[in-house]
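The structure under discussion appears below in the form of structure tokens.
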Amino acid sequence: MDILLWHVHGSWTTAFVQGPHRYLVPVTPERCPDGLGRARTFAWPDSVREVPPEELRDAPVDLVVLQRPHELELAQRWLGGRRPGRDVPAVYLEHNAPDGDVPETRHPCADRSDLTLVHVTHFNRLFWDCGTTRTEVVEHGIVDPGHRYTGTVERAAVVVNEPVRRGRYTGTDLLPVLSEAAPLDVFGMRTEGLAAHLGLGEDRVRTADLPQRELHGAMAERRLYLHPVRWTSLGLSLLEAMHLGMPVVALATTEAVEAVPAGAGTLSTRPEVLARAARRYLHEPEAAAQDGARARQAALERYGLKRFLADWERVMTEVCS
């Protein structure tokens, strides 16, 4: 099939485009948010083709994967009046947990008979009010980076974008107490200034923004993966850490309680429990490696690429027929 989708979420798209189809990704000269084109820091196959908006008017499109509310109007305009869900099959992929008046948050695509709404976690489907719109859950899939864990750096890895702006959502306020148990290396976009924002020295909190090809290696050198996020969808970085063979210390919130089984790390809603677990991994590297190996096996079984692509193939076949 020829599938139109916007480059919105690089990590998720990296897994999705491993399928057997052709993927049309809009590109604009300025590479604005609606025209980013191919990813620069992720490995995408040649089946992903950049398409200027003016070429989409006559392009054969078998399916549109929408990911943001405004893409409904944008797709119709760029496709020469073809309406997603009516003139061309469409799904709306919801990456995020709801915001606002949870759990009564109304989804922008609620009560639509022309779309299928696909959630990336069962938690998200449970909390969004989607009305009568048909819903599906296709859990994440990961392109396996391999078992690369060494844990030689006695620090905890944290991966989060914009921790200063997002604050309590990403558990930024918990980092000072957790950094007392294990010094933190925080990776992600717009992490600069985090230590100063928290009033901490770089011995406690260091930051870096690395491309994925470097990030996985850097994560795997750290003794453990820390996931202090209060409210978000299931972070792909958490699943990537498990694939790498890292033990996990995470808040028991949203879908993390489903993703991290017993023996793969520590889950709790009590920061002091997470701090104790992080301190233990620093002092017991063998236990960290053993729990990390179990985390990897659990991630391969539940979040493997083969299962992910098969689930999407089923959904797309049903929508297009």
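Letters A, B, ... mark the chains of the structure tokens in the order given; residue numbers begin at 1 per chain; ligand numbers begin at 1, in order shown.
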inquiry  = If you run DSSP on the backbone here, which positions in stretch 4-135 of chain A get strand (DSSP E or B)? Please write them as a PyMOL selection string.
reply    = chain A and resi 4-5+22-27+36+48-51+63-66+84+88+90-94+106+116-119+129+134-135
message = Neighbouring residues of A:Gly235 were defined as those with any atom within 12 Å, considering only C-alpha atoms; residues of the same chain fewer than 6 positions away were excluded. Please report them as a PyMOL selection string.
response = chain A and resi 9+11-12+95-97+120-121+139-142+158-161+170+226-229+241-242+250+253-256+259
Export of the given selection (C-alpha atoms) as a tab-separated table (two decimals), in the first residue's frame:
chain	number	residue	atom	x	y	z
A	9	HIS	CA	7.16	10.82	16.44
A	11	SER	CA	10.96	6.59	17.39
A	12	TRP	CA	7.46	5.24	16.73
A	95	HIS	CA	0.25	8.62	20.97
A	96	ASN	CA	-0.64	10.37	24.21
A	97	ALA	CA	-2.51	9.92	27.44
A	120	VAL	CA	-0.61	2.78	21.70
A	121	THR	CA	-1.52	1.51	25.20
A	139	GLU	CA	1.05	-1.74	21.56
A	140	HIS	CA	4.51	-0.40	20.76
A	141	GLY	CA	7.10	-2.31	18.82
A	142	ILE	CA	10.84	-1.74	19.00
A	158	VAL	CA	16.99	9.15	32.31
A	159	VAL	CA	15.54	9.93	28.87
A	160	VAL	CA	13.06	12.79	28.68
A	161	ASN	CA	12.40	15.73	26.37
A	170	THR	CA	7.85	14.09	33.70
A	226	LEU	CA	15.27	5.58	35.81
A	227	HIS	CA	11.73	6.45	34.67
A	228	PRO	CA	10.30	9.10	37.06
A	229	VAL	CA	7.42	10.10	34.77
A	241	ALA	CA	16.23	0.50	27.83
A	242	MET	CA	14.67	-2.89	28.54
A	250	ALA	CA	10.14	3.48	37.52
A	253	THR	CA	2.02	5.05	36.82
A	254	THR	CA	0.18	4.84	33.48
A	255	GLU	CA	1.21	1.80	31.39
A	256	ALA	CA	4.56	1.18	33.13
A	259	ALA	CA	5.37	-3.09	30.71
Counting only C-alpha atoms, the option among A:Ala90, A:Val164, A:Ala277, A:Leu238 closest to A:Ala182 = A:Ala277
ask   = Excluding same-chain residues fewer than 6 positions from stretch 77-79 of chain A, what lies within 12 Å of it counting only C-alpha atoms, as a list in words?
value = Leu4, Pro26, Val27, Asp34, Gly35, Val51, Pro52, Pro53, Glu54, Glu55, Leu56, Arg57, Asp58, Ala59, Pro60, Val61, Asp62, Leu63, Val64, His70, Glu71, Asp87 and Val88 of chain A
request  = Name all residues at most 10 Å from stretch 194-208 of chain A (count only C-alpha atoms; drop same-chain ones fewer than 5 positions away) and give them as a VMD selection string.
outcome  = chain A and resid 155 to 159 162 to 165 172 to 176 178 to 189 215
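Distance-wise, atom CA of A:Asp2 and atom CA of A:Thr317 end up 12.8 Å apart.
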inquiry  = For stretch 123-130 of chain A, find every residue with an atom within 8 Å (counting only C-alpha atoms), except residues of its own chain fewer than 4 positions away, and show them as a PyMOL selection string.
reply    = chain A and resi 96-98+102-107+109-111+119+135+137+233+254-255
Residues from last step as file, N, CA and C atoms, as a PDB file, in the first residue's frame:
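Output below, filename part19.pdb:
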ATOM      1  N   ASN A  96      -0.725   9.792  22.874  1.00  0.00           N
ATOM      2  CA  ASN A  96      -0.636  10.373  24.212  1.00  0.00           C
ATOM      3  C   ASN A  96      -1.755   9.940  25.144  1.00  0.00           C
ATOM      4  N   ALA A  97      -1.461  10.020  26.431  1.00  0.00           N
ATOM      5  CA  ALA A  97      -2.506   9.922  27.444  1.00  0.00           C
ATOM      6  C   ALA A  97      -3.289  11.237  27.434  1.00  0.00           C
ATOM      7  N   PRO A  98      -4.547  11.223  27.895  1.00  0.00           N
ATOM      8  CA  PRO A  98      -5.345  12.452  27.844  1.00  0.00           C
ATOM      9  C   PRO A  98      -4.840  13.514  28.805  1.00  0.00           C
ATOM     10  N   VAL A 102      -9.144  14.796  33.249  1.00  0.00           N
ATOM     11  CA  VAL A 102      -9.037  13.340  33.289  1.00  0.00           C
ATOM     12  C   VAL A 102      -9.888  12.846  34.457  1.00  0.00           C
ATOM     13  N   PRO A 103     -10.631  11.749  34.320  1.00  0.00           N
ATOM     14  CA  PRO A 103     -10.710  10.852  33.166  1.00  0.00           C
ATOM     15  C   PRO A 103     -11.870  11.147  32.214  1.00  0.00           C
ATOM     16  N   GLU A 104     -12.362  12.371  32.184  1.00  0.00           N
ATOM     17  CA  GLU A 104     -13.481  12.693  31.297  1.00  0.00           C
ATOM     18  C   GLU A 104     -13.033  13.442  30.043  1.00  0.00           C
ATOM     19  N   THR A 105     -11.738  13.369  29.746  1.00  0.00           N
ATOM     20  CA  THR A 105     -11.224  14.075  28.573  1.00  0.00           C
ATOM     21  C   THR A 105     -11.805  13.499  27.295  1.00  0.00           C
ATOM     22  N   ARG A 106     -12.421  14.358  26.515  1.00  0.00           N
ATOM     23  CA  ARG A 106     -13.061  13.961  25.263  1.00  0.00           C
ATOM     24  C   ARG A 106     -12.028  13.981  24.141  1.00  0.00           C
ATOM     25  N   HIS A 107     -11.961  12.894  23.404  1.00  0.00           N
ATOM     26  CA  HIS A 107     -10.984  12.845  22.319  1.00  0.00           C
ATOM     27  C   HIS A 107     -11.475  13.681  21.138  1.00  0.00           C
ATOM     28  N   CYS A 109     -11.445  13.047  18.145  1.00  0.00           N
ATOM     29  CA  CYS A 109     -12.080  12.198  17.123  1.00  0.00           C
ATOM     30  C   CYS A 109     -13.206  11.351  17.704  1.00  0.00           C
ATOM     31  N   ALA A 110     -13.768  11.770  18.832  1.00  0.00           N
ATOM     32  CA  ALA A 110     -14.884  11.022  19.426  1.00  0.00           C
ATOM     33  C   ALA A 110     -16.111  11.089  18.532  1.00  0.00           C
ATOM     34  N   ASP A 111     -16.884  10.007  18.562  1.00  0.00           N
ATOM     35  CA  ASP A 111     -18.178   9.920  17.851  1.00  0.00           C
ATOM     36  C   ASP A 111     -18.034  10.112  16.344  1.00  0.00           C
ATOM     37  N   HIS A 119      -4.944   3.408  19.687  1.00  0.00           N
ATOM     38  CA  HIS A 119      -4.155   3.821  20.846  1.00  0.00           C
ATOM     39  C   HIS A 119      -2.903   2.964  20.944  1.00  0.00           C
ATOM     40  N   THR A 135     -12.370   1.823  18.270  1.00  0.00           N
ATOM     41  CA  THR A 135     -11.023   1.940  18.814  1.00  0.00           C
ATOM     42  C   THR A 135     -10.287   0.609  18.737  1.00  0.00           C
ATOM     43  N   VAL A 137      -6.168  -1.064  19.978  1.00  0.00           N
ATOM     44  CA  VAL A 137      -4.892  -0.848  20.652  1.00  0.00           C
ATOM     45  C   VAL A 137      -3.828  -1.639  19.909  1.00  0.00           C
ATOM     46  N   SER A 233       2.095   8.847  28.041  1.00  0.00           N
ATOM     47  CA  SER A 233       1.927   7.539  27.448  1.00  0.00           C
ATOM     48  C   SER A 233       3.167   6.713  27.801  1.00  0.00           C
ATOM     49  N   THR A 254       0.638   5.094  34.853  1.00  0.00           N
ATOM     50  CA  THR A 254       0.180   4.842  33.483  1.00  0.00           C
ATOM     51  C   THR A 254       0.494   3.395  33.096  1.00  0.00           C
ATOM     52  N   GLU A 255       1.055   3.163  31.892  1.00  0.00           N
ATOM     53  CA  GLU A 255       1.211   1.799  31.386  1.00  0.00           C
ATOM     54  C   GLU A 255       2.480   1.105  31.873  1.00  0.00           C
TER      55      GLU A 255
END
request  = Compile the contact shell of A:Ala293 as a list in words: residues with an atom at most 9 Å away, counting only C-alpha atoms, same-chain residues fewer than 2 positions apart removed.
outcome  = His147, Tyr149, Met242, His243, Leu244, Gly245, Met246, Pro247, Ala264, Ala288, Ala289, Gln290, Asp291, Ala295, Arg296, Gln297 and Ala298 of chain A
task = Rank nothing, just name the residue among A:Thr13, A:Thr41, A:Gln76, A:Thr28 nearest to A:Arg213, using only C-alpha atoms.
result = A:Thr41
key: Close residues, A:Leu117 itself excluded, 7 Å, only C-alpha atoms, min 6 positions apart in chain, as a PyMOL selection string   = chain A and resi 91-93+133-136
I need the residues from that last selection saved to file as a compact mmCIF listing (two decimals), in the first residue's frame (with C-alpha atoms), if you can.
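The result, stored in part25.txt:
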# COMPACT_ATOMS: atom_id res chain seq x y z
CA VAL A 91 -6.88 5.78 11.04
CA TYR A 92 -6.14 8.27 13.79
CA LEU A 93 -3.14 7.23 15.86
CA THR A 133 -15.62 5.87 17.49
CA ARG A 134 -14.22 2.42 16.80
CA THR A 135 -11.02 1.94 18.81
CA GLU A 136 -8.08 -0.44 18.64
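Closest approach to A:Leu274 among A:Tyr225, A:Trp231, A:Phe308, A:Tyr23: A:Tyr225, based on only C-alpha atoms.
Between A:Val315 and the candidates A:Asp101, A:Pro69, A:Asp46, A:Val118, the tightest atom-to-atom separation, counting only C-alpha atoms, involves A:Val118.
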Which of stretch 97-215 of chain A counts as helix (DSSP H, G or I) under DSSP, as a compact mmCIF listing (two decimals) with all heavy atoms, in the first residue's frame please?
# COMPACT_ATOMS: atom_id res chain seq x y z
N HIS A 122 -3.22 0.24 26.34
CA HIS A 122 -4.56 0.00 26.87
C HIS A 122 -4.93 1.06 27.91
O HIS A 122 -6.10 1.42 28.05
CB HIS A 122 -4.63 -1.40 27.48
CG HIS A 122 -4.53 -2.49 26.46
ND1 HIS A 122 -5.62 -2.94 25.75
CD2 HIS A 122 -3.47 -3.18 25.99
CE1 HIS A 122 -5.24 -3.89 24.91
NE2 HIS A 122 -3.93 -4.05 25.04
N PHE A 123 -3.93 1.58 28.62
CA PHE A 123 -4.18 2.65 29.58
C PHE A 123 -4.79 3.85 28.87
O PHE A 123 -5.76 4.45 29.34
CB PHE A 123 -2.89 3.04 30.28
CG PHE A 123 -3.04 4.17 31.26
CD1 PHE A 123 -3.32 3.92 32.59
CD2 PHE A 123 -2.92 5.49 30.86
CE1 PHE A 123 -3.47 4.96 33.50
CE2 PHE A 123 -3.08 6.55 31.75
CZ PHE A 123 -3.36 6.27 33.08
N ASN A 124 -4.21 4.22 27.74
CA ASN A 124 -4.71 5.39 27.01
C ASN A 124 -6.15 5.18 26.55
O ASN A 124 -6.99 6.09 26.65
CB ASN A 124 -3.82 5.69 25.80
CG ASN A 124 -2.47 6.24 26.19
OD1 ASN A 124 -2.16 6.37 27.37
ND2 ASN A 124 -1.65 6.55 25.21
N ARG A 125 -6.45 4.00 26.02
CA ARG A 125 -7.83 3.75 25.57
C ARG A 125 -8.79 3.81 26.75
O ARG A 125 -9.92 4.31 26.62
CB ARG A 125 -7.94 2.40 24.87
CG ARG A 125 -9.40 2.12 24.45
CD ARG A 125 -9.53 1.06 23.40
NE ARG A 125 -9.23 -0.28 23.90
CZ ARG A 125 -9.48 -1.40 23.19
NH1 ARG A 125 -10.00 -1.33 21.97
NH2 ARG A 125 -9.17 -2.57 23.68
N LEU A 126 -8.36 3.33 27.91
CA LEU A 126 -9.21 3.34 29.09
C LEU A 126 -9.55 4.77 29.53
O LEU A 126 -10.68 5.05 29.94
CB LEU A 126 -8.51 2.60 30.24
CG LEU A 126 -9.24 2.55 31.58
CD1 LEU A 126 -10.50 1.70 31.47
CD2 LEU A 126 -8.32 2.00 32.66
N PHE A 127 -8.59 5.69 29.40
CA PHE A 127 -8.78 7.03 29.97
C PHE A 127 -9.34 8.04 28.97
O PHE A 127 -9.94 9.03 29.39
CB PHE A 127 -7.46 7.53 30.57
CG PHE A 127 -7.29 7.09 32.00
CD1 PHE A 127 -6.91 5.79 32.31
CD2 PHE A 127 -7.55 7.96 33.04
CE1 PHE A 127 -6.77 5.38 33.61
CE2 PHE A 127 -7.42 7.55 34.37
CZ PHE A 127 -7.02 6.26 34.65
N PRO A 163 12.43 18.55 30.07
CA PRO A 163 12.08 18.31 31.48
C PRO A 163 11.79 19.59 32.27
O PRO A 163 11.01 19.54 33.23
CB PRO A 163 13.31 17.59 32.03
CG PRO A 163 14.43 18.03 31.13
CD PRO A 163 13.82 18.16 29.77
N VAL A 164 12.38 20.72 31.87
CA VAL A 164 12.13 21.97 32.61
C VAL A 164 10.71 22.45 32.33
O VAL A 164 9.95 22.79 33.25
CB VAL A 164 13.17 23.04 32.24
CG1 VAL A 164 12.80 24.38 32.89
CG2 VAL A 164 14.56 22.60 32.69
N ARG A 165 10.33 22.47 31.05
CA ARG A 165 8.99 22.96 30.69
C ARG A 165 7.90 22.02 31.20
O ARG A 165 6.87 22.47 31.70
CB ARG A 165 8.87 23.12 29.18
CG ARG A 165 7.50 23.64 28.72
CD ARG A 165 7.36 23.69 27.22
NE ARG A 165 7.36 22.38 26.60
CZ ARG A 165 6.26 21.59 26.52
NH1 ARG A 165 5.11 21.99 27.04
NH2 ARG A 165 6.32 20.42 25.93
N ARG A 166 8.12 20.72 31.09
CA ARG A 166 7.07 19.75 31.40
C ARG A 166 6.95 19.46 32.90
O ARG A 166 5.92 18.97 33.35
CB ARG A 166 7.31 18.47 30.61
CG ARG A 166 7.21 18.70 29.10
CD ARG A 166 7.74 17.55 28.30
NE ARG A 166 6.86 16.38 28.38
CZ ARG A 166 7.20 15.17 27.95
NH1 ARG A 166 8.41 14.98 27.44
NH2 ARG A 166 6.35 14.18 28.04
N GLY A 167 7.97 19.73 33.65
CA GLY A 167 7.90 19.73 35.10
C GLY A 167 7.34 18.47 35.74
O GLY A 167 7.88 17.39 35.61
N ARG A 168 6.22 18.62 36.44
CA ARG A 168 5.66 17.52 37.20
C ARG A 168 5.19 16.38 36.31
O ARG A 168 5.15 15.22 36.75
CB ARG A 168 4.50 18.03 38.07
CG ARG A 168 4.94 18.86 39.25
CD ARG A 168 3.75 19.38 40.04
NE ARG A 168 2.88 18.30 40.50
CZ ARG A 168 3.09 17.60 41.62
NH1 ARG A 168 4.15 17.84 42.38
NH2 ARG A 168 2.24 16.65 41.99
N TYR A 169 4.81 16.67 35.07
CA TYR A 169 4.41 15.59 34.17
C TYR A 169 5.52 14.54 34.06
O TYR A 169 5.26 13.34 34.10
CB TYR A 169 4.09 16.14 32.77
CG TYR A 169 2.71 16.68 32.61
CD1 TYR A 169 2.34 17.91 33.15
CD2 TYR A 169 1.74 15.97 31.92
CE1 TYR A 169 1.07 18.41 33.01
CE2 TYR A 169 0.45 16.46 31.77
CZ TYR A 169 0.12 17.69 32.32
OH TYR A 169 -1.15 18.18 32.18
N THR A 170 6.73 15.00 33.91
CA THR A 170 7.85 14.09 33.70
C THR A 170 8.62 13.79 34.99
O THR A 170 9.67 13.15 34.95
CB THR A 170 8.84 14.68 32.67
OG1 THR A 170 9.24 15.99 33.09
CG2 THR A 170 8.18 14.77 31.30
N THR A 172 10.14 15.86 36.98
CA THR A 172 11.36 16.65 37.13
C THR A 172 11.59 17.05 38.58
O THR A 172 12.74 17.10 39.05
CB THR A 172 11.28 17.90 36.23
OG1 THR A 172 11.07 17.48 34.88
CG2 THR A 172 12.54 18.73 36.31
N ASP A 173 10.50 17.31 39.30
CA ASP A 173 10.63 17.71 40.71
C ASP A 173 11.14 16.58 41.60
O ASP A 173 11.58 16.83 42.73
CB ASP A 173 9.27 18.19 41.23
CG ASP A 173 8.20 17.11 41.11
OD1 ASP A 173 7.97 16.64 39.97
OD2 ASP A 173 7.61 16.72 42.12
N LEU A 174 11.11 15.33 41.11
CA LEU A 174 11.59 14.20 41.90
C LEU A 174 13.09 13.95 41.71
O LEU A 174 13.69 13.18 42.46
CB LEU A 174 10.83 12.92 41.49
CG LEU A 174 9.31 12.97 41.63
CD1 LEU A 174 8.70 11.66 41.12
CD2 LEU A 174 8.90 13.23 43.06
N LEU A 175 13.67 14.60 40.72
CA LEU A 175 15.07 14.32 40.40
C LEU A 175 16.05 14.68 41.52
O LEU A 175 17.02 13.94 41.74
CB LEU A 175 15.47 15.02 39.10
CG LEU A 175 14.70 14.57 37.85
CD1 LEU A 175 15.24 15.29 36.61
CD2 LEU A 175 14.78 13.06 37.66
N PRO A 176 15.85 15.78 42.26
CA PRO A 176 16.81 16.06 43.34
C PRO A 176 16.93 14.93 44.36
O PRO A 176 18.04 14.51 44.70
CB PRO A 176 16.24 17.34 43.98
CG PRO A 176 15.55 18.03 42.85
CD PRO A 176 14.92 16.91 42.06
N VAL A 177 15.82 14.40 44.85
CA VAL A 177 15.90 13.34 45.86
C VAL A 177 16.43 12.05 45.25
O VAL A 177 17.19 11.32 45.88
CB VAL A 177 14.54 13.12 46.54
CG1 VAL A 177 13.49 12.59 45.57
CG2 VAL A 177 14.68 12.17 47.73
N LEU A 178 16.06 11.76 43.99
CA LEU A 178 16.54 10.54 43.35
C LEU A 178 18.03 10.64 43.02
O LEU A 178 18.74 9.62 43.06
CB LEU A 178 15.73 10.26 42.09
CG LEU A 178 14.25 9.90 42.33
CD1 LEU A 178 13.49 9.85 41.02
CD2 LEU A 178 14.14 8.56 43.07
N SER A 179 18.50 11.84 42.73
CA SER A 179 19.92 12.01 42.42
C SER A 179 20.79 11.86 43.67
O SER A 179 22.02 11.72 43.54
CB SER A 179 20.18 13.37 41.77
OG SER A 179 19.99 14.43 42.70
N GLU A 180 20.19 11.90 44.86
CA GLU A 180 20.95 11.61 46.07
C GLU A 180 21.30 10.13 46.15
O GLU A 180 22.32 9.74 46.73
CB GLU A 180 20.15 12.02 47.31
CG GLU A 180 19.96 13.52 47.46
CD GLU A 180 19.08 13.87 48.65
OE1 GLU A 180 18.65 12.93 49.36
OE2 GLU A 180 18.82 15.06 48.88
N ALA A 181 20.43 9.30 45.58
CA ALA A 181 20.67 7.85 45.59
C ALA A 181 21.60 7.43 44.47
O ALA A 181 22.44 6.54 44.64
CB ALA A 181 19.34 7.11 45.48
N LEU A 194 19.03 22.10 33.02
CA LEU A 194 18.25 21.35 34.01
C LEU A 194 18.89 21.38 35.38
O LEU A 194 18.20 21.60 36.40
CB LEU A 194 18.07 19.90 33.54
CG LEU A 194 17.35 18.96 34.51
CD1 LEU A 194 15.93 19.45 34.80
CD2 LEU A 194 17.33 17.53 33.97
N ALA A 195 20.21 21.16 35.46
CA ALA A 195 20.88 21.15 36.76
C ALA A 195 20.72 22.49 37.47
O ALA A 195 20.41 22.55 38.67
CB ALA A 195 22.36 20.81 36.58
N ALA A 196 20.90 23.59 36.73
CA ALA A 196 20.73 24.91 37.34
C ALA A 196 19.29 25.13 37.77
O ALA A 196 19.03 25.72 38.84
CB ALA A 196 21.16 25.99 36.33
N HIS A 197 18.34 24.66 36.96
CA HIS A 197 16.93 24.79 37.32
C HIS A 197 16.62 24.08 38.63
O HIS A 197 15.81 24.58 39.43
CB HIS A 197 16.07 24.21 36.19
CG HIS A 197 14.61 24.12 36.49
ND1 HIS A 197 13.77 25.21 36.50
CD2 HIS A 197 13.83 23.03 36.82
CE1 HIS A 197 12.55 24.83 36.81
NE2 HIS A 197 12.55 23.51 37.01
N LEU A 198 17.27 22.96 38.86
CA LEU A 198 17.04 22.17 40.08
C LEU A 198 17.95 22.60 41.23
O LEU A 198 17.79 22.11 42.36
CB LEU A 198 17.26 20.69 39.79
CG LEU A 198 16.31 20.04 38.77
CD1 LEU A 198 16.75 18.62 38.46
CD2 LEU A 198 14.87 20.06 39.29
N GLN A 212 19.94 8.90 18.09
CA GLN A 212 19.62 7.56 18.57
C GLN A 212 20.79 6.60 18.44
O GLN A 212 21.02 5.75 19.31
CB GLN A 212 18.40 7.00 17.84
CG GLN A 212 17.86 5.72 18.48
CD GLN A 212 16.75 5.09 17.67
OE1 GLN A 212 16.88 4.89 16.48
NE2 GLN A 212 15.65 4.77 18.32
N ARG A 213 21.57 6.72 17.36
CA ARG A 213 22.68 5.78 17.15
C ARG A 213 23.73 5.90 18.25
O ARG A 213 24.47 4.96 18.53
CB ARG A 213 23.31 6.02 15.78
CG ARG A 213 23.92 7.39 15.59
CD ARG A 213 24.50 7.57 14.20
NE ARG A 213 25.03 8.92 14.00
CZ ARG A 213 24.31 9.93 13.59
NH1 ARG A 213 23.02 9.76 13.34
NH2 ARG A 213 24.84 11.13 13.43
N GLU A 214 23.81 7.06 18.91
CA GLU A 214 24.73 7.24 20.03
C GLU A 214 24.03 7.04 21.37
O GLU A 214 24.67 6.62 22.35
CB GLU A 214 25.36 8.64 19.98
CG GLU A 214 26.18 8.91 18.75
CD GLU A 214 26.69 10.34 18.71
OE1 GLU A 214 26.80 10.97 19.78
OE2 GLU A 214 26.99 10.84 17.61
N LEU A 215 22.74 7.33 21.40
CA LEU A 215 22.01 7.29 22.66
C LEU A 215 21.97 5.87 23.24
O LEU A 215 22.19 5.68 24.44
CB LEU A 215 20.58 7.81 22.45
CG LEU A 215 19.64 7.72 23.66
CD1 LEU A 215 20.18 8.53 24.82
CD2 LEU A 215 18.24 8.19 23.28
